[in-house]
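Below is the file my_file26.pdb, which contains PDB, C-alpha atoms and all ligand atoms.
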ATOM      1  CA  MET U1159       0.000   0.000   0.000  1.00  0.00           C
ATOM      2  CA  ILE U1160       1.050   3.533  -0.652  1.00  0.00           C
ATOM      3  CA  PRO U1161       1.213   5.340   2.695  1.00  0.00           C
ATOM      4  CA  ALA U1162      -0.655   8.526   3.472  1.00  0.00           C
ATOM      5  CA  ARG U1163       2.250  10.741   2.573  1.00  0.00           C
ATOM      6  CA  PRO U1164       3.078  12.617  -0.630  1.00  0.00           C
ATOM      7  CA  LEU U1165       4.738  10.300  -3.103  1.00  0.00           C
ATOM      8  CA  PHE U1166       7.627  12.042  -4.877  1.00  0.00           C
ATOM      9  CA  LEU U1167       8.704  10.683  -8.255  1.00  0.00           C
ATOM     10  CA  VAL U1168      12.319  11.535  -9.023  1.00  0.00           C
ATOM     11  CA  GLY U1169      14.556  10.709 -11.957  1.00  0.00           C
ATOM     12  CA  PHE U1170      16.309  12.005 -15.029  1.00  0.00           C
ATOM     13  CA  MET U1171      14.622  13.975 -17.798  1.00  0.00           C
ATOM     14  CA  GLY U1172      12.699  11.490 -19.921  1.00  0.00           C
ATOM     15  CA  SER U1173      12.267   8.951 -17.134  1.00  0.00           C
ATOM     16  CA  GLY U1174       8.486   9.366 -17.415  1.00  0.00           C
ATOM     17  CA  LYS U1175       7.766  11.030 -14.071  1.00  0.00           C
ATOM     18  CA  SER U1176       4.736  12.967 -15.344  1.00  0.00           C
ATOM     19  CA  THR U1177       3.216  10.177 -17.425  1.00  0.00           C
ATOM     20  CA  VAL U1178       3.765   7.514 -14.783  1.00  0.00           C
ATOM     21  CA  GLY U1179       2.634   9.928 -12.070  1.00  0.00           C
ATOM     22  CA  ARG U1180      -0.666  10.543 -13.806  1.00  0.00           C
ATOM     23  CA  GLU U1181      -1.238   6.800 -14.254  1.00  0.00           C
ATOM     24  CA  LEU U1182      -0.283   6.071 -10.674  1.00  0.00           C
ATOM     25  CA  ALA U1183      -2.518   8.799  -9.272  1.00  0.00           C
ATOM     26  CA  SER U1184      -5.451   7.418 -11.196  1.00  0.00           C
ATOM     27  CA  LEU U1185      -4.704   3.856 -10.048  1.00  0.00           C
ATOM     28  CA  ALA U1186      -4.334   4.929  -6.425  1.00  0.00           C
ATOM     29  CA  GLY U1187      -7.172   7.456  -6.368  1.00  0.00           C
ATOM     30  CA  ARG U1188      -4.730  10.220  -5.561  1.00  0.00           C
ATOM     31  CA  THR U1189      -4.251  13.753  -6.845  1.00  0.00           C
ATOM     32  CA  PHE U1190      -1.557  14.251  -9.453  1.00  0.00           C
ATOM     33  CA  GLU U1191       0.777  17.239  -9.165  1.00  0.00           C
ATOM     34  CA  ASP U1192       3.464  18.267 -11.592  1.00  0.00           C
ATOM     35  CA  ALA U1193       6.091  20.501  -9.970  1.00  0.00           C
ATOM     36  CA  ASP U1194       7.277  21.981 -13.282  1.00  0.00           C
ATOM     37  CA  ARG U1195       3.738  22.930 -14.325  1.00  0.00           C
ATOM     38  CA  THR U1196       3.183  24.525 -10.897  1.00  0.00           C
ATOM     39  CA  ILE U1197       6.380  26.544 -11.358  1.00  0.00           C
ATOM     40  CA  GLU U1198       5.238  27.674 -14.788  1.00  0.00           C
ATOM     41  CA  SER U1199       1.855  28.810 -13.580  1.00  0.00           C
ATOM     42  CA  LEU U1200       3.360  30.635 -10.589  1.00  0.00           C
ATOM     43  CA  GLU U1201       5.816  32.422 -12.836  1.00  0.00           C
ATOM     44  CA  GLY U1202       3.420  32.904 -15.738  1.00  0.00           C
ATOM     45  CA  ARG U1203       6.039  31.680 -18.224  1.00  0.00           C
ATOM     46  CA  SER U1204       7.592  28.481 -19.473  1.00  0.00           C
ATOM     47  CA  ILE U1205      10.574  26.678 -17.929  1.00  0.00           C
ATOM     48  CA  GLU U1206      12.541  27.614 -21.016  1.00  0.00           C
ATOM     49  CA  GLU U1207      11.738  31.304 -20.550  1.00  0.00           C
ATOM     50  CA  ILE U1208      12.580  31.176 -16.849  1.00  0.00           C
ATOM     51  CA  PHE U1209      16.016  29.691 -17.565  1.00  0.00           C
ATOM     52  CA  ARG U1210      16.626  32.069 -20.459  1.00  0.00           C
ATOM     53  CA  ASP U1211      15.501  35.305 -18.808  1.00  0.00           C
ATOM     54  CA  SER U1212      16.187  34.726 -15.109  1.00  0.00           C
ATOM     55  CA  GLY U1213      18.721  31.898 -15.010  1.00  0.00           C
ATOM     56  CA  GLU U1214      18.868  28.495 -13.375  1.00  0.00           C
ATOM     57  CA  ALA U1215      19.433  29.863  -9.853  1.00  0.00           C
ATOM     58  CA  HIS U1216      16.101  31.656  -9.958  1.00  0.00           C
ATOM     59  CA  PHE U1217      14.405  28.526 -11.303  1.00  0.00           C
ATOM     60  CA  ARG U1218      15.872  26.497  -8.408  1.00  0.00           C
ATOM     61  CA  ASP U1219      14.615  29.016  -5.858  1.00  0.00           C
ATOM     62  CA  VAL U1220      11.091  28.811  -7.195  1.00  0.00           C
ATOM     63  CA  GLU U1221      11.369  25.034  -7.439  1.00  0.00           C
ATOM     64  CA  ALA U1222      12.421  24.848  -3.775  1.00  0.00           C
ATOM     65  CA  ARG U1223       9.358  26.827  -2.717  1.00  0.00           C
ATOM     66  CA  VAL U1224       7.061  24.738  -4.878  1.00  0.00           C
ATOM     67  CA  VAL U1225       8.462  21.469  -3.531  1.00  0.00           C
ATOM     68  CA  ARG U1226       7.967  22.519   0.068  1.00  0.00           C
ATOM     69  CA  GLY U1227       4.441  23.556  -0.821  1.00  0.00           C
ATOM     70  CA  PHE U1228       3.613  19.860  -1.131  1.00  0.00           C
ATOM     71  CA  ALA U1229       4.045  19.414   2.606  1.00  0.00           C
ATOM     72  CA  GLY U1230       1.102  17.566   4.059  1.00  0.00           C
ATOM     73  CA  ARG U1231      -0.433  16.879   0.643  1.00  0.00           C
ATOM     74  CA  ASP U1232      -0.765  13.304   1.725  1.00  0.00           C
ATOM     75  CA  ASP U1233      -3.111  12.277  -1.065  1.00  0.00           C
ATOM     76  CA  SER U1234      -0.777  13.380  -3.846  1.00  0.00           C
ATOM     77  CA  VAL U1235       1.576  11.866  -6.372  1.00  0.00           C
ATOM     78  CA  VAL U1236       4.124  14.531  -7.297  1.00  0.00           C
ATOM     79  CA  ALA U1237       6.218  14.464 -10.476  1.00  0.00           C
ATOM     80  CA  LEU U1238       9.369  16.492  -9.795  1.00  0.00           C
ATOM     81  CA  GLY U1239      11.728  18.097 -12.271  1.00  0.00           C
ATOM     82  CA  GLY U1240      14.896  16.112 -12.902  1.00  0.00           C
ATOM     83  CA  GLY U1241      17.038  18.409 -10.753  1.00  0.00           C
ATOM     84  CA  ALA U1242      14.769  18.736  -7.742  1.00  0.00           C
ATOM     85  CA  PHE U1243      16.289  15.829  -5.840  1.00  0.00           C
ATOM     86  CA  GLN U1244      19.855  17.037  -6.238  1.00  0.00           C
ATOM     87  CA  ARG U1245      20.029  19.621  -3.482  1.00  0.00           C
ATOM     88  CA  ALA U1246      20.850  17.893  -0.216  1.00  0.00           C
ATOM     89  CA  ASP U1247      18.542  19.947   2.029  1.00  0.00           C
ATOM     90  CA  GLN U1248      15.637  19.530  -0.350  1.00  0.00           C
ATOM     91  CA  ARG U1249      16.304  15.835  -0.756  1.00  0.00           C
ATOM     92  CA  ARG U1250      16.325  15.265   2.988  1.00  0.00           C
ATOM     93  CA  TRP U1251      13.107  17.221   3.317  1.00  0.00           C
ATOM     94  CA  MET U1252      11.418  15.024   0.696  1.00  0.00           C
ATOM     95  CA  GLN U1253      12.702  11.873   2.352  1.00  0.00           C
ATOM     96  CA  ARG U1254      11.313  13.014   5.675  1.00  0.00           C
ATOM     97  CA  GLU U1255       7.977  14.385   4.497  1.00  0.00           C
ATOM     98  CA  GLY U1256       7.131  11.888   1.790  1.00  0.00           C
ATOM     99  CA  CYS U1257       7.997   8.708   0.018  1.00  0.00           C
ATOM    100  CA  THR U1258      10.622   9.004  -2.716  1.00  0.00           C
ATOM    101  CA  VAL U1259      10.646   6.730  -5.751  1.00  0.00           C
ATOM    102  CA  TRP U1260      13.360   6.850  -8.401  1.00  0.00           C
ATOM    103  CA  LEU U1261      12.249   6.105 -11.939  1.00  0.00           C
ATOM    104  CA  ASP U1262      15.414   4.569 -13.325  1.00  0.00           C
ATOM    105  CA  VAL U1263      15.883   4.611 -17.100  1.00  0.00           C
ATOM    106  CA  THR U1264      18.831   4.159 -19.371  1.00  0.00           C
ATOM    107  CA  LEU U1265      20.107   7.258 -21.138  1.00  0.00           C
ATOM    108  CA  GLU U1266      19.182   5.609 -24.426  1.00  0.00           C
ATOM    109  CA  VAL U1267      15.521   5.307 -23.420  1.00  0.00           C
ATOM    110  CA  ALA U1268      15.494   8.858 -22.050  1.00  0.00           C
ATOM    111  CA  ARG U1269      16.946  10.042 -25.350  1.00  0.00           C
ATOM    112  CA  GLN U1270      14.218   8.305 -27.356  1.00  0.00           C
ATOM    113  CA  ARG U1271      11.582  10.047 -25.260  1.00  0.00           C
ATOM    114  CA  VAL U1272      13.137  13.486 -25.077  1.00  0.00           C
ATOM    115  CA  GLY U1273      14.470  13.713 -28.617  1.00  0.00           C
ATOM    116  CA  GLY U1274      16.066  17.095 -29.240  1.00  0.00           C
ATOM    117  CA  GLY U1275      15.236  18.324 -25.745  1.00  0.00           C
ATOM    118  CA  GLN U1276      12.552  20.824 -26.726  1.00  0.00           C
ATOM    119  CA  GLY U1277      11.565  22.831 -23.631  1.00  0.00           C
ATOM    120  CA  ARG U1278      14.359  21.303 -21.525  1.00  0.00           C
ATOM    121  CA  PRO U1279      17.194  23.818 -21.172  1.00  0.00           C
ATOM    122  CA  LEU U1280      19.595  21.349 -19.538  1.00  0.00           C
ATOM    123  CA  TRP U1281      19.203  18.680 -22.195  1.00  0.00           C
ATOM    124  CA  ASP U1282      22.136  19.295 -24.508  1.00  0.00           C
ATOM    125  CA  ALA U1283      21.417  17.127 -27.529  1.00  0.00           C
ATOM    126  CA  ASN U1284      24.555  18.430 -29.236  1.00  0.00           C
ATOM    127  CA  ASP U1285      26.977  17.359 -26.556  1.00  0.00           C
ATOM    128  CA  ALA U1286      26.646  13.633 -25.940  1.00  0.00           C
ATOM    129  CA  LEU U1287      29.566  13.573 -23.511  1.00  0.00           C
ATOM    130  CA  ALA U1288      28.187  16.354 -21.332  1.00  0.00           C
ATOM    131  CA  LEU U1289      24.768  14.730 -21.301  1.00  0.00           C
ATOM    132  CA  ARG U1290      26.254  11.378 -20.305  1.00  0.00           C
ATOM    133  CA  ALA U1291      28.250  13.070 -17.528  1.00  0.00           C
ATOM    134  CA  LEU U1292      25.137  14.816 -16.193  1.00  0.00           C
ATOM    135  CA  PHE U1293      23.212  11.553 -16.371  1.00  0.00           C
ATOM    136  CA  GLU U1294      25.849   9.603 -14.418  1.00  0.00           C
ATOM    137  CA  GLN U1295      26.291  12.322 -11.827  1.00  0.00           C
ATOM    138  CA  ARG U1296      22.533  12.562 -11.294  1.00  0.00           C
ATOM    139  CA  ARG U1297      22.090   8.776 -11.080  1.00  0.00           C
ATOM    140  CA  ALA U1298      24.365   8.583  -8.070  1.00  0.00           C
ATOM    141  CA  VAL U1299      22.017  10.965  -6.265  1.00  0.00           C
ATOM    142  CA  TYR U1300      18.715   9.458  -7.454  1.00  0.00           C
ATOM    143  CA  ALA U1301      19.991   6.233  -5.940  1.00  0.00           C
ATOM    144  CA  LEU U1302      19.434   7.841  -2.531  1.00  0.00           C
ATOM    145  CA  ALA U1303      15.659   7.664  -3.039  1.00  0.00           C
ATOM    146  CA  ALA U1304      13.834   5.219  -0.794  1.00  0.00           C
ATOM    147  CA  PHE U1305      12.825   3.021  -3.727  1.00  0.00           C
ATOM    148  CA  ARG U1306      13.967   2.362  -7.262  1.00  0.00           C
ATOM    149  CA  VAL U1307      11.818   1.139 -10.091  1.00  0.00           C
ATOM    150  CA  ASP U1308      12.872   0.135 -13.591  1.00  0.00           C
ATOM    151  CA  ALA U1309      11.133   2.761 -15.720  1.00  0.00           C
ATOM    152  CA  ASN U1310      12.263   1.651 -19.160  1.00  0.00           C
ATOM    153  CA  GLY U1311       8.929   0.004 -19.923  1.00  0.00           C
ATOM    154  CA  ARG U1312       5.451   1.291 -20.623  1.00  0.00           C
ATOM    155  CA  PRO U1313       4.171   3.983 -18.220  1.00  0.00           C
ATOM    156  CA  ARG U1314       1.119   1.992 -17.196  1.00  0.00           C
ATOM    157  CA  GLU U1315       3.284  -0.983 -16.253  1.00  0.00           C
ATOM    158  CA  VAL U1316       5.705   1.203 -14.344  1.00  0.00           C
ATOM    159  CA  ALA U1317       2.787   2.744 -12.432  1.00  0.00           C
ATOM    160  CA  GLU U1318       1.447  -0.709 -11.623  1.00  0.00           C
ATOM    161  CA  ALA U1319       4.873  -1.774 -10.419  1.00  0.00           C
ATOM    162  CA  ILE U1320       4.909   1.144  -7.975  1.00  0.00           C
ATOM    163  CA  PHE U1321       1.317   0.777  -6.875  1.00  0.00           C
ATOM    164  CA  GLY U1322       0.901  -1.743  -4.147  1.00  0.00           C
ATOM    165  CA  ARG U1323       4.579  -2.608  -3.874  1.00  0.00           C
ATOM    166  CA  PHE U1324       6.352   0.407  -2.474  1.00  0.00           C
ATOM    167  CA  CYS U1325       6.304   2.450   0.697  1.00  0.00           C
TER
HETATM  168  C1  LIG U1401      15.479  19.761 -15.129  1.00  0.00           C
HETATM  169  C2  LIG U1401      14.482  18.948 -15.580  1.00  0.00           C
HETATM  170  C3  LIG U1401      13.207  19.454 -16.103  1.00  0.00           C
HETATM  171  C4  LIG U1401      12.907  20.856 -15.552  1.00  0.00           C
HETATM  172  C5  LIG U1401      14.074  21.753 -15.793  1.00  0.00           C
HETATM  173  C6  LIG U1401      15.348  21.251 -15.104  1.00  0.00           C
HETATM  174  C7  LIG U1401      16.719  19.154 -14.604  1.00  0.00           C
HETATM  175  O1  LIG U1401      12.146  18.577 -15.749  1.00  0.00           O
HETATM  176  O2  LIG U1401      12.630  20.799 -14.187  1.00  0.00           O
HETATM  177  O3  LIG U1401      14.253  21.863 -17.170  1.00  0.00           O
HETATM  178  O4  LIG U1401      17.505  19.841 -13.932  1.00  0.00           O
HETATM  179  O5  LIG U1401      16.939  17.937 -14.854  1.00  0.00           O
HETATM  180  P1  LIG U1401      11.941  17.096 -16.377  1.00  0.00           P
HETATM  181  O6  LIG U1401      12.801  16.158 -15.599  1.00  0.00           O
HETATM  182  O7  LIG U1401      10.496  16.837 -16.183  1.00  0.00           O
HETATM  183  O8  LIG U1401      12.318  17.185 -17.811  1.00  0.00           O
END
Let me see the structure of the file written as structure tokens.
Amino acid sequence: MIPARPLFLVGFMGSGKSTVGRELASLAGRTFEDADRTIESLEGRSIEEIFRDSGEAHFRDVEARVVRGFAGRDDSVVALGGGAFQRADQRRWMQREGCTVWLDVTLEVARQRVGGGQGRPLWDANDALALRALFEQRRAVYALAAFRVDANGRPREVAEAIFGRFC
């Protein structure tokens, strides 16, 4: 059973956090929340525009506020942006306040899903080495989530694998 705590889905860009999150919320009768969409509506502009016009540091500040806003939202499944689990203080907060699940995909699968990286400022499709380095560095941190699920398959199956088995 999924406990009465917010369930935070973490993982690299293209790991399927939003798609799986929506499926899982519907399976579990929970509310689905997408941190990136919340950031966009708070800011009144897209992630791409935030990064371009105000920089990543500003994006991370807003993201931190949005993440903490999920405190006590015990009926929710929250899809986080790929970088939200990287900051140690934020990560510890999520581990304390909710249940963290890492959607683990290979970079190849992520690449098939993300393509050229439209709308994702940190996805550098032109620099395979830099992308691989970011992927490996992030993986080491995602591994600190309470649970890991293989997310290379179909979203519905990944959601089913989470539902009823974790937390
Ligand atoms: C980011 C991932 C994006 C979004 C922003 C930064 C990251 O979300 O939050 O572009 O640092 O990995 P997705 O993981 O949903 O693409």
TODO: Could you report the residues within 10 Å of ligand LIG 1401 (chain U), using all atoms listed in the file, as an MDAnalysis selection string?
DONE: chainID U and resid 1168:1177 1192:1195 1197 1204:1206 1208:1209 1214 1217:1218 1221 1237:1244 1268 1272 1275:1281 1292:1293 1296
Task: Close residues, U:Met1252 itself excluded, 9 Å, only C-alpha atoms, min 3 positions apart in chain, as a PyMOL selection string - done: chain U and resi 1164+1166+1225-1226+1229+1243+1247-1249+1255-1258
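In terms of minimum interatomic distance to U:Arg1163, U:Arg1188 ranks closest within U:Arg1188, U:Arg1306, U:Arg1297, U:Arg1271, counting all atoms listed in the file.
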Open item on the list: So the first atom is atom CA of U:Phe1228 and the second is atom CA of U:Ser1212; what is the distance between them in Å, to one decimal place?
Closed with: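 The value is 24.0 Å.
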Open item on the list: With distances taken over only C-alpha atoms, which residue among U:Ala1215, U:Val1220, U:Leu1185, U:Val1178 lies nearest U:Gly1311?
Closed with: U:Val1178
- [ ] Name the closest residue to U:Asp1308 among the candidates U:Ser1199, U:Glu1294, U:Asp1219, U:Ile1320; distances are taken between atoms, counting only C-alpha atoms.
- [x]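 Going through U:Ser1199, U:Glu1294, U:Asp1219, U:Ile1320 one by one, the smallest distance to U:Asp1308 is for U:Ile1320.
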Open item on the list: Around the point (-2.0, 10.4, -12.6) (coordinates from the file), which residues reach within 12 Å if we count all atoms listed in the file? Answer as an MDAnalysis selection string.
Closed with: chainID U and resid 1165 1167 1174:1192 1233:1237 1313:1314 1317:1318 1321
Open item on the list: So the first atom is atom CA of U:Arg1250 and the second is atom CA of U:Arg1223; what is the distance between them in Å, to one decimal place?
Closed with: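 If I compute the distance from atom CA of U:Arg1250 to atom CA of U:Arg1223, I get 14.7 Å.
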Open item on the list: Here is a test: counting only C-alpha atoms, which residue of U:Thr1264, U:Asn1310, U:Asn1284, U:Thr1196 is nearest to U:Gly1227?
Closed with: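 Smallest distance to U:Gly1227 is found for U:Thr1196.
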Dump stretch 1249-1261 of chain U with N, CA, C and O atoms to a file, as a PDB file, in the first residue's frame.
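Full text of selection23.pdb as output:
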ATOM      1  N   ARG U1249      16.421  17.298  -0.686  1.00  0.00           N
ATOM      2  CA  ARG U1249      16.304  15.835  -0.756  1.00  0.00           C
ATOM      3  C   ARG U1249      15.924  15.275   0.616  1.00  0.00           C
ATOM      4  O   ARG U1249      15.003  14.467   0.740  1.00  0.00           O
ATOM      5  N   ARG U1250      16.618  15.761   1.636  1.00  0.00           N
ATOM      6  CA  ARG U1250      16.325  15.265   2.988  1.00  0.00           C
ATOM      7  C   ARG U1250      14.914  15.615   3.394  1.00  0.00           C
ATOM      8  O   ARG U1250      14.217  14.827   4.017  1.00  0.00           O
ATOM      9  N   TRP U1251      14.485  16.792   3.004  1.00  0.00           N
ATOM     10  CA  TRP U1251      13.107  17.221   3.317  1.00  0.00           C
ATOM     11  C   TRP U1251      12.105  16.257   2.666  1.00  0.00           C
ATOM     12  O   TRP U1251      11.167  15.799   3.311  1.00  0.00           O
ATOM     13  N   MET U1252      12.335  15.937   1.408  1.00  0.00           N
ATOM     14  CA  MET U1252      11.418  15.024   0.696  1.00  0.00           C
ATOM     15  C   MET U1252      11.424  13.635   1.323  1.00  0.00           C
ATOM     16  O   MET U1252      10.397  12.976   1.427  1.00  0.00           O
ATOM     17  N   GLN U1253      12.605  13.204   1.743  1.00  0.00           N
ATOM     18  CA  GLN U1253      12.702  11.873   2.352  1.00  0.00           C
ATOM     19  C   GLN U1253      11.971  11.820   3.688  1.00  0.00           C
ATOM     20  O   GLN U1253      11.415  10.802   4.059  1.00  0.00           O
ATOM     21  N   ARG U1254      11.971  12.950   4.373  1.00  0.00           N
ATOM     22  CA  ARG U1254      11.313  13.014   5.675  1.00  0.00           C
ATOM     23  C   ARG U1254       9.801  13.161   5.531  1.00  0.00           C
ATOM     24  O   ARG U1254       9.034  12.500   6.208  1.00  0.00           O
ATOM     25  N   GLU U1255       9.397  14.021   4.606  1.00  0.00           N
ATOM     26  CA  GLU U1255       7.977  14.385   4.497  1.00  0.00           C
ATOM     27  C   GLU U1255       7.177  13.462   3.595  1.00  0.00           C
ATOM     28  O   GLU U1255       5.954  13.495   3.604  1.00  0.00           O
ATOM     29  N   GLY U1256       7.866  12.701   2.755  1.00  0.00           N
ATOM     30  CA  GLY U1256       7.131  11.888   1.790  1.00  0.00           C
ATOM     31  C   GLY U1256       7.825  10.571   1.513  1.00  0.00           C
ATOM     32  O   GLY U1256       8.724  10.157   2.244  1.00  0.00           O
ATOM     33  N   CYS U1257       7.394   9.959   0.447  1.00  0.00           N
ATOM     34  CA  CYS U1257       7.997   8.708   0.018  1.00  0.00           C
ATOM     35  C   CYS U1257       8.631   8.980  -1.339  1.00  0.00           C
ATOM     36  O   CYS U1257       7.981   9.513  -2.241  1.00  0.00           O
ATOM     37  N   THR U1258       9.917   8.665  -1.480  1.00  0.00           N
ATOM     38  CA  THR U1258      10.622   9.004  -2.716  1.00  0.00           C
ATOM     39  C   THR U1258      10.848   7.755  -3.568  1.00  0.00           C
ATOM     40  O   THR U1258      11.324   6.729  -3.076  1.00  0.00           O
ATOM     41  N   VAL U1259      10.489   7.857  -4.825  1.00  0.00           N
ATOM     42  CA  VAL U1259      10.646   6.730  -5.751  1.00  0.00           C
ATOM     43  C   VAL U1259      11.429   7.207  -6.970  1.00  0.00           C
ATOM     44  O   VAL U1259      11.042   8.184  -7.624  1.00  0.00           O
ATOM     45  N   TRP U1260      12.495   6.515  -7.253  1.00  0.00           N
ATOM     46  CA  TRP U1260      13.360   6.850  -8.401  1.00  0.00           C
ATOM     47  C   TRP U1260      12.915   6.052  -9.624  1.00  0.00           C
ATOM     48  O   TRP U1260      12.881   4.819  -9.592  1.00  0.00           O
ATOM     49  N   LEU U1261      12.557   6.758 -10.669  1.00  0.00           N
ATOM     50  CA  LEU U1261      12.249   6.105 -11.939  1.00  0.00           C
ATOM     51  C   LEU U1261      13.566   5.994 -12.715  1.00  0.00           C
ATOM     52  O   LEU U1261      14.070   6.982 -13.244  1.00  0.00           O
TER      53      LEU U1261
END
